[in-house]
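**Q** Please see the structure below; I have some questions.
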Amino acid sequence: MATRFGRIATPSGAKDVEVEEPRAHVLSGPPWTTPHRTGEVFELADVTWLVPSAASKVIAIGQNYRKHAEEMGKAVPVEPLIFMKPMTALNAHGAPIVLPPASSEVHYEAELALVIGKKLTRATEAEAAEAIFAVTCFNDVTARDIQKREVQHTRAKSYDTFACCGPWMVRGLDFADLAVKCRVNGALKQDGRTSDMVHSPAKLVAFISHVMTLLPGDVVSTGTPSGVGALKEGDVVEVEIEGVGVLRNPVTR
């Protein structure tokens, strides 16, 4: 049975919660630490969501869907193409995406993201699969014009608010073949499936763990299907992952 966990803002600070409609039950710690419910409860209608985990880093994957690689005019990488987004780019459900003055072409990228639940170094694929605690919705917002003229991904991917994540994470969901959709102002822009990934989530996590140690709460975003496109001030962009939920962010400048 799938279980939803998240983090909410409260007058006494950020709190981990288990989501059980129509309430959020406060936990004594992060969900991968086998916490208990404290008895404190919030109505879901009243909560302000934070990103689902306090990640030390966000690792993202480029060109992990063949059709997206084609639309970008790039070859499918033989090995996973990894880059990083700083934790300062993390942006919660409902919070605005801020278009930077340096870019005139900012794109949405709907993705399935993995939340790591244990410390992982030089793992096998089986160990990596065990370390994936939950999955969530992710929008890998990208300054495409900057990306096109720079060899590196860092600046184009790292602006504040460019790592939208949430609203919660789901544990116990089979994420091998889920629909990944993006809508802008209600219009469907991306419609893919996780089964179309070039490299599986377990392979991605294992590969990353041979480069850097993954820590509990870290987020790994697994690449986007085809159909990426521009955002403008006043838009509302939604990322929907089947069985997970809908991540929604307005766009401002």
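All residue names refer to the structure tokens as shown: chains lettered A, B, ... in order, residues numbered from 1 in each chain, ligands numbered from 1 in order.
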Excluding same-chain residues fewer than 2 positions from Leu81 in chain A, what lies within 9 Å of it counting only C-alpha atoms, as an MDAnalysis selection string?
**A** chainID A and resid 60:64 77:79 83
**Q** Could you take the residues named above and write them with C-alpha atoms, as a CSV table (one decimal), in the first residue's frame?
**A**
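Printed below is out02.csv as written:
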chain,number,residue,atom,x,y,z
A,60,ALA,CA,19.5,15.5,-12.3
A,61,ILE,CA,19.7,13.4,-15.4
A,62,GLY,CA,19.9,14.7,-19.0
A,63,GLN,CA,18.5,13.1,-22.1
A,64,ASN,CA,17.2,10.0,-20.4
A,77,PRO,CA,24.2,9.1,-23.7
A,78,VAL,CA,25.7,5.7,-23.4
A,79,GLU,CA,26.2,6.4,-19.6
A,83,PHE,CA,24.4,17.4,-13.5
**Q** Near range 210-223 of chain A, within 6 Å and counting only C-alpha atoms, which residues show up once chain neighbours fewer than 3 positions away are dropped, as JSON, numbers by chain?
**A** {"A": [53, 54, 55, 56, 57, 58, 59, 60, 61, 62, 64, 111, 112, 113, 114, 115, 116, 117, 118, 119, 120, 121, 122, 207]}
**Q** Tell me, which residues of range 87-122 of chain A carry DSSP strand (DSSP E), written as a VMD selection string?
**A** chain A and resid 90 to 92 97 to 98 106 to 108 110 to 116
**Q** Fewer than 6 positions away in the same chain doesn't count, so skip those; otherwise give me all residues within 7 Å of Arg37 in chain A, counting only C-alpha atoms, as a PyMOL selection string.
**A** chain A and resi 25-28
**Q** Could you pull out the alpha helix (DSSP H) residues of range 8-227 of chain A, going by DSSP on the backbone, and write them as a VMD selection string?
**A** chain A and resid 66 to 71 125 to 131 144 to 149 154 to 157 201 to 209
**Q** Store the residues picked out above, limited to N, CA and C atoms, as an mmCIF file, in the first residue's frame.
**A**
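Result file part.cif:
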data_model
loop_
_atom_site.group_PDB
_atom_site.id
_atom_site.type_symbol
_atom_site.label_atom_id
_atom_site.label_comp_id
_atom_site.auth_asym_id
_atom_site.auth_seq_id
_atom_site.Cartn_x
_atom_site.Cartn_y
_atom_site.Cartn_z
ATOM 1 N N ARG A 66 14.528 8.958 -25.080
ATOM 2 C CA ARG A 66 15.050 9.065 -26.443
ATOM 3 C C ARG A 66 14.422 10.207 -27.230
ATOM 4 N N LYS A 67 13.104 10.380 -27.102
ATOM 5 C CA LYS A 67 12.428 11.417 -27.892
ATOM 6 C C LYS A 67 12.833 12.818 -27.445
ATOM 7 N N HIS A 68 13.130 12.959 -26.151
ATOM 8 C CA HIS A 68 13.609 14.274 -25.692
ATOM 9 C C HIS A 68 15.008 14.543 -26.229
ATOM 10 N N ALA A 69 15.861 13.525 -26.239
ATOM 11 C CA ALA A 69 17.193 13.702 -26.825
ATOM 12 C C ALA A 69 17.074 14.115 -28.288
ATOM 13 N N GLU A 70 16.124 13.494 -29.000
ATOM 14 C CA GLU A 70 15.913 13.824 -30.407
ATOM 15 C C GLU A 70 15.471 15.272 -30.577
ATOM 16 N N GLU A 71 14.522 15.725 -29.732
ATOM 17 C CA GLU A 71 14.021 17.083 -29.902
ATOM 18 C C GLU A 71 15.081 18.133 -29.554
ATOM 19 N N GLU A 125 23.094 -2.122 -8.345
ATOM 20 C CA GLU A 125 21.740 -1.709 -8.715
ATOM 21 C C GLU A 125 20.719 -2.224 -7.700
ATOM 22 N N ALA A 126 20.926 -3.414 -7.174
ATOM 23 C CA ALA A 126 20.004 -3.955 -6.161
ATOM 24 C C ALA A 126 20.039 -3.100 -4.896
ATOM 25 N N GLU A 127 21.234 -2.711 -4.469
ATOM 26 C CA GLU A 127 21.357 -1.850 -3.295
ATOM 27 C C GLU A 127 20.745 -0.480 -3.553
ATOM 28 N N ALA A 128 20.921 0.029 -4.770
ATOM 29 C CA ALA A 128 20.349 1.328 -5.126
ATOM 30 C C ALA A 128 18.826 1.283 -5.092
ATOM 31 N N ALA A 129 18.249 0.197 -5.626
ATOM 32 C CA ALA A 129 16.794 0.057 -5.608
ATOM 33 C C ALA A 129 16.259 0.066 -4.183
ATOM 34 N N GLU A 130 16.980 -0.587 -3.270
ATOM 35 C CA GLU A 130 16.576 -0.615 -1.859
ATOM 36 C C GLU A 130 16.678 0.756 -1.212
ATOM 37 N N ALA A 131 17.592 1.575 -1.695
ATOM 38 C CA ALA A 131 17.832 2.889 -1.089
ATOM 39 C C ALA A 131 16.849 3.953 -1.560
ATOM 40 N N ARG A 144 16.747 27.785 -21.207
ATOM 41 C CA ARG A 144 17.180 27.051 -22.399
ATOM 42 C C ARG A 144 18.140 27.859 -23.257
ATOM 43 N N ASP A 145 17.940 29.152 -23.363
ATOM 44 C CA ASP A 145 18.837 29.963 -24.180
ATOM 45 C C ASP A 145 20.251 29.959 -23.604
ATOM 46 N N ILE A 146 20.354 29.976 -22.292
ATOM 47 C CA ILE A 146 21.678 29.908 -21.653
ATOM 48 C C ILE A 146 22.282 28.525 -21.842
ATOM 49 N N GLN A 147 21.460 27.480 -21.694
ATOM 50 C CA GLN A 147 21.955 26.115 -21.880
ATOM 51 C C GLN A 147 22.509 25.919 -23.292
ATOM 52 N N LYS A 148 21.836 26.494 -24.286
ATOM 53 C CA LYS A 148 22.261 26.297 -25.677
ATOM 54 C C LYS A 148 23.615 26.931 -25.972
ATOM 55 N N ARG A 149 23.918 28.021 -25.292
ATOM 56 C CA ARG A 149 25.175 28.700 -25.623
ATOM 57 C C ARG A 149 26.324 28.379 -24.661
ATOM 58 N N THR A 154 25.282 24.117 -15.553
ATOM 59 C CA THR A 154 25.130 24.663 -14.202
ATOM 60 C C THR A 154 24.307 25.936 -14.157
ATOM 61 N N ARG A 155 24.670 26.961 -14.912
ATOM 62 C CA ARG A 155 23.951 28.236 -14.799
ATOM 63 C C ARG A 155 22.505 28.103 -15.258
ATOM 64 N N ALA A 156 22.290 27.396 -16.357
ATOM 65 C CA ALA A 156 20.936 27.279 -16.912
ATOM 66 C C ALA A 156 19.977 26.547 -15.990
ATOM 67 N N LYS A 157 20.516 25.688 -15.128
ATOM 68 C CA LYS A 157 19.683 24.824 -14.295
ATOM 69 C C LYS A 157 19.608 25.261 -12.833
ATOM 70 N N PRO A 201 15.693 3.878 -12.943
ATOM 71 C CA PRO A 201 16.001 4.575 -11.692
ATOM 72 C C PRO A 201 17.087 3.893 -10.864
ATOM 73 N N ALA A 202 17.026 2.573 -10.734
ATOM 74 C CA ALA A 202 18.051 1.872 -9.949
ATOM 75 C C ALA A 202 19.431 2.032 -10.571
ATOM 76 N N LYS A 203 19.499 1.956 -11.895
ATOM 77 C CA LYS A 203 20.792 2.133 -12.568
ATOM 78 C C LYS A 203 21.311 3.550 -12.361
ATOM 79 N N LEU A 204 20.426 4.535 -12.430
ATOM 80 C CA LEU A 204 20.839 5.929 -12.222
ATOM 81 C C LEU A 204 21.420 6.126 -10.833
ATOM 82 N N VAL A 205 20.710 5.626 -9.821
ATOM 83 C CA VAL A 205 21.155 5.819 -8.435
ATOM 84 C C VAL A 205 22.481 5.105 -8.201
ATOM 85 N N ALA A 206 22.607 3.885 -8.707
ATOM 86 C CA ALA A 206 23.873 3.149 -8.551
ATOM 87 C C ALA A 206 25.006 3.900 -9.226
ATOM 88 N N PHE A 207 24.774 4.391 -10.429
ATOM 89 C CA PHE A 207 25.799 5.122 -11.171
ATOM 90 C C PHE A 207 26.243 6.363 -10.405
ATOM 91 N N ILE A 208 25.275 7.131 -9.911
ATOM 92 C CA ILE A 208 25.597 8.353 -9.160
ATOM 93 C C ILE A 208 26.395 8.025 -7.908
ATOM 94 N N SER A 209 26.027 6.915 -7.252
ATOM 95 C CA SER A 209 26.696 6.555 -5.994
ATOM 96 C C SER A 209 28.163 6.189 -6.186
#
**Q** Just checking: using only C-alpha atoms, which residue out of A:Val170, A:Ala75, A:Ile132, A:Ala14 ends up closest to Val198 in chain A?
**A**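 Between A:Val170, A:Ala75, A:Ile132, A:Ala14, the residue approaching Val198 in chain A most closely is A:Ala75.
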**Q** Neighbouring residues of Ala24 in chain A were defined as those with any atom within 8 Å, considering only C-alpha atoms; residues of the same chain fewer than 6 positions away were excluded. Please report them as a list in words.
**A**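 Counting only the stated atoms, we get Val17, Glu18, Val41, Phe42, Glu43 and Leu44 of chain A.
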**Q** Record the distance separating CA of Val184 in chain A and CA of Ser158 in chain A, expressed in Å with one decimal.
**A**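 About the pair CA of Val184 in chain A and CA of Ser158 in chain A: they are 21.5 Å apart.
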**Q** Might you pull out every residue within 9 Å of Asp196 in chain A, with only C-alpha atoms counted and same-chain residues fewer than 2 positions away left off, and present them as a PyMOL selection string?
**A** chain A and resi 64-66+177+192-194+198-199+225
**Q** Could you dump the residues just selected with C-alpha atoms as a CSV table (one decimal), in the first residue's frame?
**A**
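Dumped to part-v6.csv:
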chain,number,residue,atom,x,y,z
A,64,ASN,CA,17.2,10.0,-20.4
A,65,TYR,CA,14.2,9.7,-22.8
A,66,ARG,CA,15.1,9.1,-26.4
A,177,ASP,CA,5.6,2.5,-15.9
A,192,GLY,CA,5.3,10.3,-21.4
A,193,ARG,CA,5.8,7.2,-19.4
A,194,THR,CA,8.6,6.2,-17.0
A,198,VAL,CA,16.9,4.9,-21.3
A,199,HIS,CA,18.5,4.1,-17.9
A,225,PRO,CA,10.0,13.1,-21.8
**Q** Out of A:Val141, A:Val51, A:Val19, A:Ala45, which residue has the shortest atom-to-atom distance to Arg7 in chain A when counting only C-alpha atoms?
**A**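 For Arg7 in chain A, the nearest of the candidates is A:Val51.
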**Q** Point out the residue among A:Met169, A:Leu247, A:Glu40, A:Glu150 with the least atom-to-atom distance to Gly6 in chain A, counting only C-alpha atoms.
**A** A:Met169
**Q** Work out how far apart CA of Cys165 in chain A and CA of Thr124 in chain A are and give it in Å to one decimal.
**A**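 Separation between CA of Cys165 in chain A and CA of Thr124 in chain A: 26.6 Å.
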**Q** In Å, rounded to a single decimal, give me how far CA of Asn139 in chain A is from CA of Ala110 in chain A.
**A**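 That distance, rounded to one decimal, is 4.9 Å.
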**Q** Which residues are near Tyr108 in chain A? Cut-off 10 Å, only C-alpha atoms, ignore same chain within fewer than 4 positions. Put them as a list in words.
**A**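 Neighbouring residues, sequence-local ones excluded: Phe138, Asn139, Asp140, Val141, Thr142, Ala143, Arg144, Phe162, Cys164, Cys182, Arg183, Val184, Lys189, Gln190, Thr224, Gly227, Val228, Gly229, Ala230, Leu231, Val237, Glu238 and Val239 of chain A.
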